[in-house]
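Here is the structure we will look at, set down as structure tokens.
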Amino acid sequence: VKFNLTQKDWDSVNEFAIKVDWKVLFGLNVQFRTSTGVWNSTNAADMIRYTIQRGYQTAWALGNEPTRFGHLPNTTAIAPQQLADDFHTLNELLTSLSKMGHFVSGPDISKPNVSGPLRTHTHMQYLESFLDAGSKYGGVVNAITWHQYYVSGK
């Protein structure tokens, strides 16, 4: 299913958040890649520019559960080192477009305590490799995020 977020939709989300005094954290599509395999930030730049022009205070994320990429339909596996480079690109983009500070969270791994499917990496190894690769830039996230599912009752 293809879904497009319009400017009107984005305005509605942010206007609602402002009315109820909530903060917005938006996850950008990391699967939008160039032919060389790096993140294509063109669409994200348009959205971030619009967000800044409207004065919305938005925090950003990039992708969702990267340890599942390549195992779900219509996804491409992204190595943790490449994802760290992509997050660095996001940080550079945010810095270049706004004089204000920015907040980036990620990488939204799932089940940080269970072995995962991305080649030889467990979920925690993926997170550690991502953070290690990001350290060459002085870090690429302001907050580390993961998803914990309690379906087994544990």
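Chains: A, B, ... in order of the structure tokens. Residues: from 1 per chain. Ligands: from 1, in order shown.
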
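The strand (DSSP E) portion of region 29-85 of chain A consists of A:Thr58, A:Ala59, A:Trp60, A:Ala61, A:Leu62, with states taken from DSSP on the backbone.
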
Please produce an output containing C-alpha atoms for each residue in the selection, written as a compact mmCIF listing (two decimals), in the first residue's frame.
```txt
# COMPACT_ATOMS: atom_id res chain seq x y z
CA THR A 58 9.56 18.34 15.19
CA ALA A 59 12.00 15.65 16.26
CA TRP A 60 13.14 13.18 13.62
CA ALA A 61 13.88 9.49 13.21
CA LEU A 62 15.07 7.56 10.18
```

Spatial neighbours of Ala143 (chain A), max dist 12 Å, only C-alpha atoms, sep filter under 2 positions, as a VMD selection string: chain A and resid 25 59 to 61 102 to 108 131 139 to 141 145 to 146

One number please: CA of Leu127 (chain A) to CA of Thr34 (chain A), in Å, one decimal. 23.6 Å

What lies within 10 Å of Thr76 (chain A) using only C-alpha atoms, ignoring chain neighbours under 5 positions off, as a short mmCIF file (atom, residue, chain, number, x, y, z; two decimals) with C-alpha atoms, in the first residue's frame?
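around_17.cif, written as the output of this step:
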```cif
data_model
loop_
_atom_site.label_atom_id
_atom_site.label_comp_id
_atom_site.auth_asym_id
_atom_site.auth_seq_id
_atom_site.Cartn_x
_atom_site.Cartn_y
_atom_site.Cartn_z
CA VAL A 30 15.18 5.28 5.05
CA GLN A 31 14.23 2.81 2.32
CA PHE A 32 14.24 5.63 -0.25
CA ARG A 33 17.74 4.88 -1.63
CA GLY A 37 22.70 2.41 -1.98
CA PRO A 66 16.29 -1.92 10.46
CA ARG A 68 14.00 -6.56 9.69
CA PHE A 69 14.97 -4.86 6.42
CA GLY A 70 15.52 -7.34 3.65
CA HIS A 71 13.22 -9.85 5.36
#
```

For region 2-8 of chain A, list every protein, DNA or RNA residue within 12 Å, evaluated using only C-alpha atoms, and leave out those in the same chain fewer than 2 positions away; present the list as a PyMOL selection string. chain A and resi 10-15+26+28-29+43-44+46-51+53-54+74

Create the file for the chosen residues now, containing N, CA, C and O atoms and written as a PDB file, in the first residue's frame.
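result07.pdb written:
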```pdb
ATOM      1  N   TRP A  10       0.050  17.006   7.159  1.00  0.00           N
ATOM      2  CA  TRP A  10       1.151  17.357   8.069  1.00  0.00           C
ATOM      3  C   TRP A  10       0.772  18.558   8.927  1.00  0.00           C
ATOM      4  O   TRP A  10       1.051  18.591  10.115  1.00  0.00           O
ATOM      5  N   ASP A  11       0.100  19.546   8.319  1.00  0.00           N
ATOM      6  CA  ASP A  11      -0.387  20.695   9.088  1.00  0.00           C
ATOM      7  C   ASP A  11      -1.373  20.246  10.158  1.00  0.00           C
ATOM      8  O   ASP A  11      -1.301  20.700  11.308  1.00  0.00           O
ATOM      9  N   SER A  12      -2.279  19.347   9.800  1.00  0.00           N
ATOM     10  CA  SER A  12      -3.279  18.856  10.763  1.00  0.00           C
ATOM     11  C   SER A  12      -2.625  18.153  11.944  1.00  0.00           C
ATOM     12  O   SER A  12      -3.004  18.376  13.101  1.00  0.00           O
ATOM     13  N   VAL A  13      -1.642  17.296  11.658  1.00  0.00           N
ATOM     14  CA  VAL A  13      -0.931  16.592  12.732  1.00  0.00           C
ATOM     15  C   VAL A  13      -0.276  17.595  13.670  1.00  0.00           C
ATOM     16  O   VAL A  13      -0.411  17.517  14.899  1.00  0.00           O
ATOM     17  N   ASN A  14       0.444  18.554  13.102  1.00  0.00           N
ATOM     18  CA  ASN A  14       1.173  19.520  13.927  1.00  0.00           C
ATOM     19  C   ASN A  14       0.249  20.488  14.656  1.00  0.00           C
ATOM     20  O   ASN A  14       0.504  20.825  15.818  1.00  0.00           O
ATOM     21  N   GLU A  15      -0.822  20.918  14.015  1.00  0.00           N
ATOM     22  CA  GLU A  15      -1.771  21.815  14.684  1.00  0.00           C
ATOM     23  C   GLU A  15      -2.449  21.114  15.851  1.00  0.00           C
ATOM     24  O   GLU A  15      -2.656  21.712  16.907  1.00  0.00           O
ATOM     25  N   PHE A  26       8.780  12.333  14.061  1.00  0.00           N
ATOM     26  CA  PHE A  26       8.385  11.756  12.784  1.00  0.00           C
ATOM     27  C   PHE A  26       9.501  10.895  12.217  1.00  0.00           C
ATOM     28  O   PHE A  26      10.653  11.318  12.157  1.00  0.00           O
ATOM     29  N   LEU A  28      11.271   9.299   9.143  1.00  0.00           N
ATOM     30  CA  LEU A  28      11.462   9.455   7.701  1.00  0.00           C
ATOM     31  C   LEU A  28      11.761   8.100   7.053  1.00  0.00           C
ATOM     32  O   LEU A  28      12.275   7.194   7.708  1.00  0.00           O
ATOM     33  N   ASN A  29      11.490   7.980   5.765  1.00  0.00           N
ATOM     34  CA  ASN A  29      11.661   6.732   5.037  1.00  0.00           C
ATOM     35  C   ASN A  29      13.122   6.507   4.655  1.00  0.00           C
ATOM     36  O   ASN A  29      13.636   7.143   3.743  1.00  0.00           O
ATOM     37  N   ASN A  43      13.277  13.887  -0.635  1.00  0.00           N
ATOM     38  CA  ASN A  43      11.924  14.042  -0.117  1.00  0.00           C
ATOM     39  C   ASN A  43      11.952  14.543   1.324  1.00  0.00           C
ATOM     40  O   ASN A  43      11.158  15.404   1.716  1.00  0.00           O
ATOM     41  N   ALA A  44      12.872  14.013   2.116  1.00  0.00           N
ATOM     42  CA  ALA A  44      12.999  14.438   3.513  1.00  0.00           C
ATOM     43  C   ALA A  44      13.358  15.916   3.598  1.00  0.00           C
ATOM     44  O   ALA A  44      12.822  16.645   4.440  1.00  0.00           O
ATOM     45  N   ASP A  46      12.610  18.287   1.509  1.00  0.00           N
ATOM     46  CA  ASP A  46      11.397  19.070   1.223  1.00  0.00           C
ATOM     47  C   ASP A  46      10.498  19.139   2.452  1.00  0.00           C
ATOM     48  O   ASP A  46       9.974  20.200   2.805  1.00  0.00           O
ATOM     49  N   MET A  47      10.325  18.008   3.108  1.00  0.00           N
ATOM     50  CA  MET A  47       9.460  17.972   4.288  1.00  0.00           C
ATOM     51  C   MET A  47      10.043  18.789   5.440  1.00  0.00           C
ATOM     52  O   MET A  47       9.326  19.508   6.133  1.00  0.00           O
ATOM     53  N   ILE A  48      11.333  18.664   5.656  1.00  0.00           N
ATOM     54  CA  ILE A  48      11.989  19.403   6.744  1.00  0.00           C
ATOM     55  C   ILE A  48      11.925  20.906   6.469  1.00  0.00           C
ATOM     56  O   ILE A  48      11.623  21.695   7.376  1.00  0.00           O
ATOM     57  N   ARG A  49      12.184  21.314   5.229  1.00  0.00           N
ATOM     58  CA  ARG A  49      12.081  22.736   4.868  1.00  0.00           C
ATOM     59  C   ARG A  49      10.681  23.276   5.164  1.00  0.00           C
ATOM     60  O   ARG A  49      10.519  24.340   5.753  1.00  0.00           O
ATOM     61  N   TYR A  50       9.668  22.522   4.751  1.00  0.00           N
ATOM     62  CA  TYR A  50       8.283  22.934   4.977  1.00  0.00           C
ATOM     63  C   TYR A  50       7.996  23.027   6.479  1.00  0.00           C
ATOM     64  O   TYR A  50       7.381  23.981   6.948  1.00  0.00           O
ATOM     65  N   THR A  51       8.472  22.042   7.228  1.00  0.00           N
ATOM     66  CA  THR A  51       8.269  22.010   8.681  1.00  0.00           C
ATOM     67  C   THR A  51       8.892  23.239   9.341  1.00  0.00           C
ATOM     68  O   THR A  51       8.275  23.875  10.201  1.00  0.00           O
ATOM     69  N   GLN A  53       9.636  26.141   7.810  1.00  0.00           N
ATOM     70  CA  GLN A  53       8.911  27.328   7.344  1.00  0.00           C
ATOM     71  C   GLN A  53       7.630  27.544   8.131  1.00  0.00           C
ATOM     72  O   GLN A  53       7.251  28.681   8.406  1.00  0.00           O
ATOM     73  N   ARG A  54       6.973  26.455   8.507  1.00  0.00           N
ATOM     74  CA  ARG A  54       5.724  26.546   9.271  1.00  0.00           C
ATOM     75  C   ARG A  54       5.976  26.771  10.771  1.00  0.00           C
ATOM     76  O   ARG A  54       5.046  27.014  11.516  1.00  0.00           O
ATOM     77  N   ASN A  74       9.362  -5.636  -0.035  1.00  0.00           N
ATOM     78  CA  ASN A  74       9.695  -4.295  -0.521  1.00  0.00           C
ATOM     79  C   ASN A  74      10.685  -3.547   0.372  1.00  0.00           C
ATOM     80  O   ASN A  74      10.616  -2.324   0.485  1.00  0.00           O
TER      81      ASN A  74
END
```

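Taking only C-alpha atoms, the non-local environment of region 84-86 of chain A within 7 Å (same-chain residues fewer than 4 positions away omitted) comprises Val38, Trp39, Pro80, Leu90, Phe130, Ala133, Gly134 and Val140 of chain A.
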
Write down as a ChimeraX atom specification the residues of chain A whose backbone DSSP state falls under helix (DSSP H, G or I). /A:7-19,42-54,66-68,80-97,123-137

Of A:Asn64, A:Asp132, A:Thr95, A:Ile78, the one sitting nearest His147 (chain A) when using only C-alpha atoms is A:Asn64

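Remark: for Thr67 (chain A), the closest of the candidate residues A:Ser98, A:Ser41, A:Ser110, A:Thr36 is A:Ser110 (distances computed over only C-alpha atoms).
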
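The nearest approach to Thr42 (chain A) among the residues A:Tyr126, A:Thr89, A:Pro73, A:Trp22, with only C-alpha atoms taken into account, belongs to A:Thr89.
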
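A straight line drawn from CA of Asp9 (chain A) to CA of Leu93 (chain A) is 22.9 Å long.
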